[in-house]
file input.csv (CSV, C-alpha atoms)
chain,number,residue,atom,x,y,z
A,1,MET,CA,171.6,82.7,1.0
A,2,GLY,CA,168.7,81.1,2.9
A,3,VAL,CA,165.3,80.3,1.6
A,4,ARG,CA,163.1,83.3,1.5
A,5,LEU,CA,159.3,83.7,1.8
A,6,GLU,CA,159.2,84.7,-1.9
A,7,ASP,CA,160.9,81.4,-2.8
A,8,VAL,CA,158.2,79.4,-1.0
A,9,ALA,CA,155.5,81.5,-2.7
A,10,ARG,CA,157.0,80.8,-6.1
A,11,ALA,CA,157.3,77.1,-5.4
A,12,ALA,CA,153.7,76.8,-4.2
A,13,GLY,CA,152.3,79.0,-7.0
A,14,VAL,CA,150.8,81.6,-4.6
A,15,SER,CA,151.5,85.2,-3.5
A,16,PRO,CA,153.9,86.1,-0.7
A,17,LYS,CA,151.0,87.5,1.2
A,18,THR,CA,149.2,84.1,1.0
A,19,VAL,CA,152.3,82.4,2.5
A,20,SER,CA,152.3,84.9,5.3
A,21,ARG,CA,148.6,84.2,5.9
A,22,VAL,CA,149.4,80.4,6.2
A,23,LEU,CA,152.2,81.2,8.6
A,24,ASN,CA,149.7,83.2,10.7
A,25,GLU,CA,147.2,80.3,10.6
A,26,GLU,CA,144.5,82.6,9.3
A,27,SER,CA,141.2,80.7,8.7
A,28,TYR,CA,140.3,82.1,5.3
A,29,VAL,CA,143.0,80.4,3.3
A,30,LYS,CA,141.7,77.4,1.4
A,31,ASP,CA,142.8,74.1,2.9
A,32,SER,CA,144.2,72.9,-0.5
A,33,THR,CA,146.3,76.1,-0.7
A,34,ARG,CA,147.4,75.8,2.9
A,35,GLN,CA,148.6,72.2,2.4
A,36,ARG,CA,150.5,73.2,-0.8
A,37,VAL,CA,152.3,76.0,1.0
A,38,LEU,CA,153.1,73.8,4.0
A,39,ALA,CA,154.5,71.1,1.7
A,40,ALA,CA,156.7,73.7,-0.1
A,41,MET,CA,158.0,75.0,3.2
A,42,GLU,CA,158.8,71.5,4.4
A,43,SER,CA,160.6,70.5,1.2
A,44,MET,CA,162.6,73.7,1.2
A,45,ASN,CA,163.4,73.6,4.9
A,46,TYR,CA,162.0,77.1,5.3
A,47,ARG,CA,162.2,78.8,8.7
A,48,PRO,CA,160.0,81.9,8.8
A,49,SER,CA,161.2,85.2,10.3
A,50,PRO,CA,158.9,87.3,12.4
A,51,SER,CA,158.9,90.0,9.7
A,52,ALA,CA,157.8,87.5,7.1
A,53,ARG,CA,155.0,86.3,9.4
A,54,GLY,CA,153.8,89.8,9.9
A,55,LEU,CA,153.7,90.7,6.3
A,56,ALA,CA,149.9,90.1,6.1
A,57,GLY,CA,149.1,92.0,9.3
A,58,SER,CA,150.4,94.3,12.0
A,59,ARG,CA,151.4,91.7,14.5
A,60,SER,CA,154.9,91.5,15.9
A,61,PHE,CA,154.6,87.9,17.2
A,62,LEU,CA,156.3,89.1,20.4
A,63,ILE,CA,154.9,88.8,23.9
A,64,ALA,CA,156.4,90.3,27.1
A,65,MET,CA,156.6,88.9,30.6
A,66,LEU,CA,156.4,91.7,33.1
A,67,TYR,CA,157.6,91.3,36.7
A,68,ASP,CA,158.2,93.7,39.6
A,69,ASN,CA,162.0,94.3,40.0
A,70,ASN,CA,161.3,95.2,43.6
A,71,ASP,CA,160.4,91.5,44.0
A,72,ASN,CA,163.3,89.0,44.4
A,73,PRO,CA,164.9,89.2,40.9
A,74,ALA,CA,166.7,85.9,41.5
A,75,SER,CA,163.5,84.0,42.4
A,76,THR,CA,163.4,80.5,41.2
A,77,TYR,CA,159.6,80.9,40.9
A,78,LEU,CA,160.0,83.7,38.3
A,79,ALA,CA,162.6,81.7,36.4
A,80,GLU,CA,160.3,78.7,36.2
A,81,ILE,CA,157.4,81.0,35.0
A,82,GLN,CA,159.7,82.4,32.4
A,83,ASP,CA,160.7,78.9,31.2
A,84,GLY,CA,157.1,77.9,30.9
A,85,ILE,CA,156.2,81.0,28.8
A,86,LEU,CA,159.2,80.3,26.6
A,87,ASP,CA,158.0,76.7,26.1
A,88,ALA,CA,154.7,78.0,24.8
A,89,CYS,CA,156.2,80.6,22.6
A,90,ASN,CA,158.7,78.2,21.0
A,91,ALA,CA,155.9,75.8,20.2
A,92,ASN,CA,153.8,78.5,18.6
A,93,ARG,CA,156.5,80.4,16.7
A,94,TYR,CA,156.3,83.4,19.0
A,95,SER,CA,159.2,85.4,20.6
A,96,MET,CA,159.2,86.6,24.2
A,97,MET,CA,160.9,89.3,26.1
A,98,VAL,CA,161.4,89.6,29.9
A,99,CYS,CA,160.8,93.0,31.3
A,100,PRO,CA,161.7,93.9,34.9
A,101,LEU,CA,159.8,97.0,36.1
A,102,ARG,CA,159.8,98.9,39.4
A,103,MET,CA,156.1,99.0,40.4
A,104,ARG,CA,156.8,101.6,43.0
A,105,GLY,CA,158.8,103.9,40.7
A,106,GLN,CA,157.3,107.2,39.6
A,107,ASP,CA,157.8,106.5,36.0
A,108,PHE,CA,156.3,103.0,36.0
A,109,ILE,CA,153.3,103.6,33.7
A,110,ARG,CA,155.6,105.7,31.3
A,111,ARG,CA,158.0,102.7,31.1
A,112,VAL,CA,155.1,100.4,30.3
A,113,ASP,CA,153.9,102.7,27.6
A,114,ALA,CA,157.4,102.9,26.1
A,115,LEU,CA,157.7,99.1,26.2
A,116,ILE,CA,154.4,98.7,24.3
A,117,SER,CA,155.2,101.4,21.7
A,118,ASP,CA,158.9,100.7,21.1
A,119,HIS,CA,158.6,96.9,20.8
A,120,HIS,CA,155.0,96.6,19.4
A,121,VAL,CA,154.3,93.7,21.7
A,122,ASP,CA,151.2,91.7,20.8
A,123,GLY,CA,150.4,91.0,24.4
A,124,VAL,CA,151.8,90.8,27.9
A,125,ILE,CA,151.9,88.2,30.7
A,126,LEU,CA,151.7,89.6,34.3
A,127,THR,CA,153.2,88.1,37.4
A,128,PRO,CA,152.4,88.9,41.0
A,129,PRO,CA,152.1,91.6,42.3
A,130,LEU,CA,151.7,93.3,38.9
A,131,THR,CA,148.7,91.0,38.2
A,132,ASP,CA,146.6,93.2,40.5
A,133,TYR,CA,148.1,96.6,40.2
A,134,PRO,CA,145.2,98.9,39.2
A,135,PRO,CA,147.1,101.6,37.3
A,136,LEU,CA,148.8,99.0,35.2
A,137,LEU,CA,145.5,97.1,34.5
A,138,ARG,CA,143.8,100.4,33.7
A,139,ARG,CA,146.5,101.4,31.2
A,140,LEU,CA,146.5,98.0,29.5
A,141,ARG,CA,142.7,98.3,29.0
A,142,GLU,CA,143.0,101.9,27.7
A,143,ARG,CA,145.6,100.8,25.1
A,144,GLU,CA,143.7,97.6,24.4
A,145,VAL,CA,146.7,95.4,25.0
A,146,PRO,CA,145.8,91.8,25.5
A,147,HIS,CA,147.2,90.3,28.7
A,148,ALA,CA,147.1,87.1,30.8
A,149,SER,CA,147.9,86.8,34.5
A,150,VAL,CA,149.7,84.3,36.7
A,151,SER,CA,147.9,83.9,40.1
A,152,PRO,CA,145.7,87.1,40.0
A,153,GLN,CA,143.8,88.0,43.1
A,154,ASN,CA,140.8,89.3,41.2
A,155,ARG,CA,139.6,86.2,39.2
A,156,ASN,CA,136.4,87.5,37.9
A,157,GLU,CA,137.7,88.9,34.6
A,158,ALA,CA,141.2,87.7,34.4
A,159,ILE,CA,142.6,85.1,31.9
A,160,GLY,CA,145.7,83.0,32.6
A,161,VAL,CA,146.3,80.5,35.4
A,162,CYS,CA,145.9,80.1,39.2
A,163,MET,CA,146.1,77.5,41.9
A,164,ASP,CA,144.1,77.2,45.2
A,165,GLU,CA,147.0,78.3,47.4
A,166,GLU,CA,144.7,78.8,50.4
A,167,LEU,CA,143.6,75.2,50.3
A,168,ALA,CA,147.1,74.0,49.7
A,169,ALA,CA,148.5,76.0,52.7
A,170,LYS,CA,145.6,74.6,54.9
A,171,ALA,CA,146.5,71.1,53.9
A,172,LEU,CA,150.2,71.6,54.7
A,173,VAL,CA,149.5,73.1,58.1
A,174,THR,CA,147.0,70.3,58.8
A,175,HIS,CA,149.9,67.9,58.1
A,176,LEU,CA,151.8,69.5,60.9
A,177,ILE,CA,148.9,69.4,63.2
A,178,GLU,CA,148.3,65.7,62.5
A,179,HIS,CA,151.9,65.1,63.6
A,180,GLY,CA,151.0,66.6,67.0
A,181,HIS,CA,152.2,70.2,66.6
A,182,LYS,CA,150.3,73.0,68.3
A,183,ARG,CA,152.8,75.9,68.4
A,184,ILE,CA,153.1,76.4,64.7
A,185,ALA,CA,154.6,79.7,63.4
A,186,HIS,CA,154.2,81.3,60.0
A,187,VAL,CA,156.7,83.4,58.0
A,188,LEU,CA,154.7,85.7,55.7
A,189,GLY,CA,155.6,86.7,52.2
A,190,ILE,CA,155.6,90.2,50.7
A,191,ALA,CA,152.5,92.0,52.0
A,192,ASN,CA,151.1,93.0,48.5
A,193,HIS,CA,151.2,89.5,47.1
A,194,GLY,CA,148.1,87.5,46.7
A,195,ALA,CA,150.2,84.5,47.6
A,196,SER,CA,151.0,86.0,51.0
A,197,ARG,CA,147.3,86.5,51.8
A,198,TRP,CA,146.2,83.1,50.6
A,199,ARG,CA,148.9,81.2,52.5
A,200,LEU,CA,148.2,83.1,55.7
A,201,ALA,CA,144.4,82.4,55.3
A,202,GLY,CA,145.1,78.7,54.8
A,203,TYR,CA,147.3,78.7,57.9
A,204,LYS,CA,144.6,80.3,60.0
A,205,GLU,CA,141.9,77.9,58.6
A,206,ALA,CA,144.0,74.9,59.6
A,207,LEU,CA,144.5,76.2,63.1
A,208,SER,CA,140.8,77.0,63.5
A,209,ALA,CA,139.7,73.6,62.2
A,210,ALA,CA,141.9,72.0,64.8
A,211,GLY,CA,140.7,74.2,67.7
A,212,ILE,CA,144.2,75.9,68.0
A,213,LEU,CA,144.0,79.6,68.9
A,214,TYR,CA,145.7,82.0,66.4
A,215,ASP,CA,148.6,83.7,68.1
A,216,PRO,CA,149.9,86.8,66.2
A,217,ASP,CA,153.3,86.5,67.9
A,218,TYR,CA,153.9,83.4,65.9
A,219,VAL,CA,153.3,85.2,62.6
A,220,VAL,CA,156.4,87.2,61.3
A,221,GLN,CA,156.8,89.2,58.2
A,222,GLY,CA,159.2,88.0,55.5
A,223,GLU,CA,159.9,89.0,51.9
A,224,PHE,CA,160.1,85.7,50.0
A,225,THR,CA,163.9,85.8,50.3
A,226,PHE,CA,166.4,83.5,52.1
A,227,GLY,CA,167.7,86.4,54.2
A,228,SER,CA,164.2,87.4,55.3
A,229,GLY,CA,163.7,83.8,56.4
A,230,VAL,CA,166.8,84.0,58.6
A,231,VAL,CA,165.6,87.3,60.2
A,232,ALA,CA,162.1,86.0,60.8
A,233,ALA,CA,163.3,82.8,62.4
A,234,ARG,CA,165.6,84.6,64.7
A,235,LYS,CA,162.6,86.7,65.9
A,236,LEU,CA,160.6,83.5,66.5
A,237,PHE,CA,163.5,81.9,68.4
A,238,ALA,CA,163.5,84.9,70.7
A,239,LEU,CA,159.9,84.2,71.9
A,240,PRO,CA,159.4,82.8,75.5
A,241,GLU,CA,157.9,79.6,74.0
A,242,LEU,CA,159.6,78.6,70.8
A,243,PRO,CA,157.4,77.1,68.0
A,244,THR,CA,157.8,73.5,67.4
A,245,ALA,CA,157.0,73.9,63.7
A,246,ILE,CA,157.4,76.8,61.2
A,247,PHE,CA,155.6,77.1,57.9
A,248,ALA,CA,157.3,79.6,55.6
A,249,ALA,CA,155.4,81.1,52.7
A,250,ASN,CA,158.0,79.9,50.2
A,251,ASP,CA,161.0,77.5,50.0
A,252,ASP,CA,163.6,80.3,49.9
A,253,MET,CA,162.4,81.5,53.3
A,254,ALA,CA,162.1,78.0,54.6
A,255,ALA,CA,165.8,77.5,53.7
A,256,GLY,CA,166.6,80.6,55.7
A,257,VAL,CA,164.6,79.3,58.7
A,258,MET,CA,166.6,76.0,58.5
A,259,TRP,CA,169.9,78.0,58.4
A,260,ALA,CA,168.8,80.0,61.5
A,261,ALA,CA,167.8,76.8,63.3
A,262,ASN,CA,171.2,75.4,62.7
A,263,GLU,CA,172.8,78.6,63.9
A,264,ARG,CA,170.9,78.2,67.2
A,265,GLY,CA,171.8,74.6,67.6
A,266,LEU,CA,168.3,73.3,66.7
A,267,LYS,CA,168.1,70.1,64.7
A,268,VAL,CA,165.5,69.8,62.0
A,269,PRO,CA,163.1,67.9,62.4
A,270,ARG,CA,164.1,66.6,65.9
A,271,ASP,CA,163.7,70.0,67.6
A,272,LEU,CA,161.9,71.9,64.9
A,273,SER,CA,159.8,71.0,61.9
A,274,VAL,CA,160.1,73.3,58.8
A,275,CYS,CA,158.0,73.4,55.7
A,276,GLY,CA,157.8,75.8,52.7
A,277,PHE,CA,155.8,76.4,49.5
A,278,ASP,CA,156.5,76.1,45.8
A,279,ASP,CA,158.8,72.9,45.6
A,280,ASN,CA,161.5,74.7,43.7
A,281,ALA,CA,164.9,73.0,43.0
A,282,LEU,CA,166.2,74.1,46.4
A,283,ALA,CA,163.7,71.9,48.3
A,284,ASN,CA,165.5,68.7,47.4
A,285,GLN,CA,169.0,70.2,47.8
A,286,LEU,CA,168.5,71.1,51.5
A,287,TRP,CA,169.3,68.6,54.3
A,288,PRO,CA,167.0,67.3,55.4
A,289,PRO,CA,164.9,67.6,52.2
A,290,LEU,CA,162.1,70.1,52.6
A,291,THR,CA,158.4,69.3,53.1
A,292,THR,CA,156.5,71.7,50.9
A,293,VAL,CA,153.6,72.3,48.5
A,294,ARG,CA,154.4,71.7,44.8
A,295,GLN,CA,153.2,74.7,42.8
A,296,PRO,CA,153.9,73.8,39.1
A,297,ALA,CA,155.4,77.2,38.2
A,298,ARG,CA,156.7,76.2,34.8
A,299,ASP,CA,153.4,74.7,33.8
A,300,MET,CA,151.6,77.8,35.1
A,301,GLY,CA,153.8,80.0,32.9
A,302,LYS,CA,153.1,77.9,29.9
A,303,LEU,CA,149.3,77.7,30.5
A,304,ALA,CA,149.1,81.5,31.0
A,305,ALA,CA,151.0,82.0,27.7
A,306,LEU,CA,148.7,79.5,25.8
A,307,GLN,CA,145.6,81.4,27.0
A,308,LEU,CA,147.1,84.6,25.8
A,309,LEU,CA,147.9,83.1,22.4
A,310,GLU,CA,144.4,81.7,22.1
A,311,LEU,CA,143.1,85.3,22.6
A,312,LEU,CA,145.6,86.8,20.1
A,313,ARG,CA,144.7,84.2,17.4
A,314,GLY,CA,141.0,84.9,17.8
A,315,ARG,CA,140.3,81.3,18.8
A,316,GLY,CA,138.5,82.3,22.0
A,317,GLU,CA,138.4,84.9,24.8
A,318,GLY,CA,140.9,83.0,27.0
A,319,LEU,CA,140.2,81.2,30.3
A,320,LEU,CA,141.5,81.3,33.8
A,321,VAL,CA,142.9,77.8,34.2
A,322,GLN,CA,143.3,76.3,37.7
A,323,VAL,CA,146.1,73.9,38.2
A,324,PRO,CA,146.3,71.3,41.0
A,325,TYR,CA,148.7,71.4,43.9
A,326,SER,CA,150.3,68.4,45.7
A,327,LEU,CA,152.0,68.0,49.1
A,328,GLN,CA,155.6,66.9,49.0
A,329,LEU,CA,156.1,65.3,52.4
A,330,ARG,CA,159.8,64.9,53.1
A,331,GLU,CA,162.2,64.6,56.1
A,332,SER,CA,162.0,68.2,57.4
A,333,THR,CA,158.8,67.5,59.3
A,334,ALA,CA,158.2,65.1,62.1
A,335,ALA,CA,156.4,64.9,65.4
A,336,PRO,CA,157.3,67.6,68.0
A,337,PRO,CA,159.8,67.0,70.7
A,338,LYS,CA,158.5,64.6,73.4
A,339,THR,CA,159.1,67.2,76.1
A,340,VAL,CA,156.6,69.6,74.5
A,341,ASP,CA,153.0,69.3,75.7
call {"tool": "encode", "arguments": {"input": "input.csv", "output": "structure tokens"}}
result
Amino acid sequence: MGVRLEDVARAAGVSPKTVSRVLNEESYVKDSTRQRVLAAMESMNYRPSPSARGLAGSRSFLIAMLYDNNDNPASTYLAEIQDGILDACNANRYSMMVCPLRMRGQDFIRRVDALISDHHVDGVILTPPLTDYPPLLRRLREREVPHASVSPQNRNEAIGVCMDEELAAKALVTHLIEHGHKRIAHVLGIANHGASRWRLAGYKEALSAAGILYDPDYVVQGEFTFGSGVVAARKLFALPELPTAIFAANDDMAAGVMWAANERGLKVPRDLSVCGFDDNALANQLWPPLTTVRQPARDMGKLAALQLLELLRGRGEGLLVQVPYSLQLRESTAAPPKTVD
């Protein structure tokens, strides 16, 4: 039989409730008592269970990551966010659960209510587009459920993590312009994502700064998936004047663009430059390797979770932390074909 909380309490000469308070890092335990309990735990190789930690209070030590199942469920971005949240939870003796929800479903709010009630989660972490879905945010406030957000559009009251995606997209398109490209197309992400809006805005800003007129024919809707990148590229290749460069709003769609280019007999980057956004594992597995923006998704998941944990522990109100981006300039971009003006 393993070491129990009561065994630690007996060895330290304190009550089981005091041991639980030490596990919960509550501030009103004397430091000498805390050290005695921690020493007993170490010597007995005690590993606390969530139920033992919750003995002194009503917390479950469980947080939930919510994502929209209408989004790409196989997204590398979501997987990296999840890994980052798990890193923070493991380091702070919390558990996590991952909850796919259909934002457009009629029973969406009912399912959120059931999740909170059935699992007694201490808090939730929201990913786009749930970060900005008014009915969900309103319900979380009504139930007083602490929450942190990854890349929220409304940054006035949110806690969590964000990146200046607009500036990053502008820098990436500027890189294409500096190579001599003028006919630069853009494959949009899902319409209700903040990421789609920010990356389109950055694309437009870069064109404007270079004196290049914005052409709506060169902007095609995508869905952040490989297949939508293929479809979008085929539409662009049907234009009377083909673009010499395509900026896709994420790496999965950029991979689809490269596939469609190969289908048409276009060589990347000799005939067409291609770039993406995120710098997921796929970016270095493509040939040629993909020029993209590195968005540190795993770090962002971890930082969002840490801000939520700070709030749950009463150590602060939580912050909205901004992480830096970096351009990853690789072989998928080059100067346009010499025959192009």
call {"tool": "residues_around", "arguments": {"input": "input.csv", "residues": "Gln322 in chain A", "least_positions_apart": "5", "cutoff": "6 Å", "atoms": "all atoms listed in the file", "output": "number ranges by chain"}}
result
A: 161-163
call {"tool": "closest_residue", "arguments": {"input": "input.csv", "among": "A:Asn250, A:Asp68, A:Arg264, A:Pro288", "to": "Ala238 in chain A", "atoms": "all atoms listed in the file"}}
result
A:Arg264
call {"tool": "residues_around", "arguments": {"input": "input.csv", "residues": "Val219 in chain A", "least_positions_apart": "6", "cutoff": "12 Å", "atoms": "all atoms listed in the file", "output": "list of chain:residue names"}}
result
A:Arg183, A:Ile184, A:Ala185, A:His186, A:Val187, A:Leu188, A:Gly189, A:Ser196, A:Arg199, A:Leu200, A:Ala201, A:Tyr203, A:Lys204, A:Ala232, A:Ala233, A:Lys235, A:Leu236, A:Leu239, A:Pro243, A:Ala245, A:Ile246, A:Phe247, A:Ala248, A:Ala249
call {"tool": "closest_residue", "arguments": {"input": "input.csv", "among": "A:Ala79, A:His147, A:Arg10, A:Met41", "to": "Val22 in chain A", "atoms": "all atoms listed in the file"}}
result
A:Met41
call {"tool": "closest_residue", "arguments": {"input": "input.csv", "among": "A:Leu308, A:Val3, A:Leu86, A:Ala255", "to": "Pro146 in chain A", "atoms": "only C-alpha atoms"}}
result
A:Leu308
call {"tool": "residues_around", "arguments": {"input": "input.csv", "residues": "Met300 in chain A", "least_positions_apart": "4", "cutoff": "12 Å", "atoms": "all atoms listed in the file", "output": "number ranges by chain"}}
result
A: 77-88, 125-127, 148-151, 160-163, 278, 294-296, 304-307, 320-325
call {"tool": "closest_residue", "arguments": {"input": "input.csv", "among": "A:Val293, A:Met253, A:Leu309, A:Leu115", "to": "Glu165 in chain A", "atoms": "all atoms listed in the file"}}
result
A:Val293
call {"tool": "atom_distance", "arguments": {"input": "input.csv", "atom1": "CA of Arg315 in chain A", "atom2": "CA of Val29 in chain A"}}
result
15.8 Å
call {"tool": "atom_distance", "arguments": {"input": "input.csv", "atom1": "CA of Arg21 in chain A", "atom2": "CA of Glu317 in chain A"}}
result
21.5 Å
call {"tool": "atom_distance", "arguments": {"input": "input.csv", "atom1": "CA of Ser273 in chain A", "atom2": "CA of Thr292 in chain A"}}
result
11.5 Å
call {"tool": "decode", "arguments": {"input": "input.csv", "residues": "range 287-308 of chain A", "atoms": "C-alpha atoms", "output": "compact mmCIF listing (two decimals), in the first residue's frame"}}
result
# COMPACT_ATOMS: atom_id res chain seq x y z
CA TRP A 287 10.72 20.34 -50.11
CA PRO A 288 11.83 22.96 -50.48
CA PRO A 289 11.63 23.90 -46.78
CA LEU A 290 8.99 26.53 -46.13
CA THR A 291 9.58 30.21 -45.43
CA THR A 292 7.20 31.10 -42.61
CA VAL A 293 6.61 32.99 -39.38
CA ARG A 294 7.47 31.14 -36.21
CA GLN A 295 4.58 31.37 -33.77
CA PRO A 296 5.72 29.60 -30.58
CA ALA A 297 2.45 27.72 -30.06
CA ARG A 298 3.73 25.41 -27.33
CA ASP A 299 5.15 28.34 -25.37
CA MET A 300 1.87 30.19 -25.85
CA GLY A 301 -0.13 27.31 -24.42
CA LYS A 302 2.19 27.14 -21.44
CA LEU A 303 2.07 30.88 -20.78
CA ALA A 304 -1.74 30.97 -21.00
CA ALA A 305 -1.94 28.13 -18.48
CA LEU A 306 0.52 29.83 -16.13
CA GLN A 307 -1.53 33.04 -16.16
CA LEU A 308 -4.65 31.03 -15.32
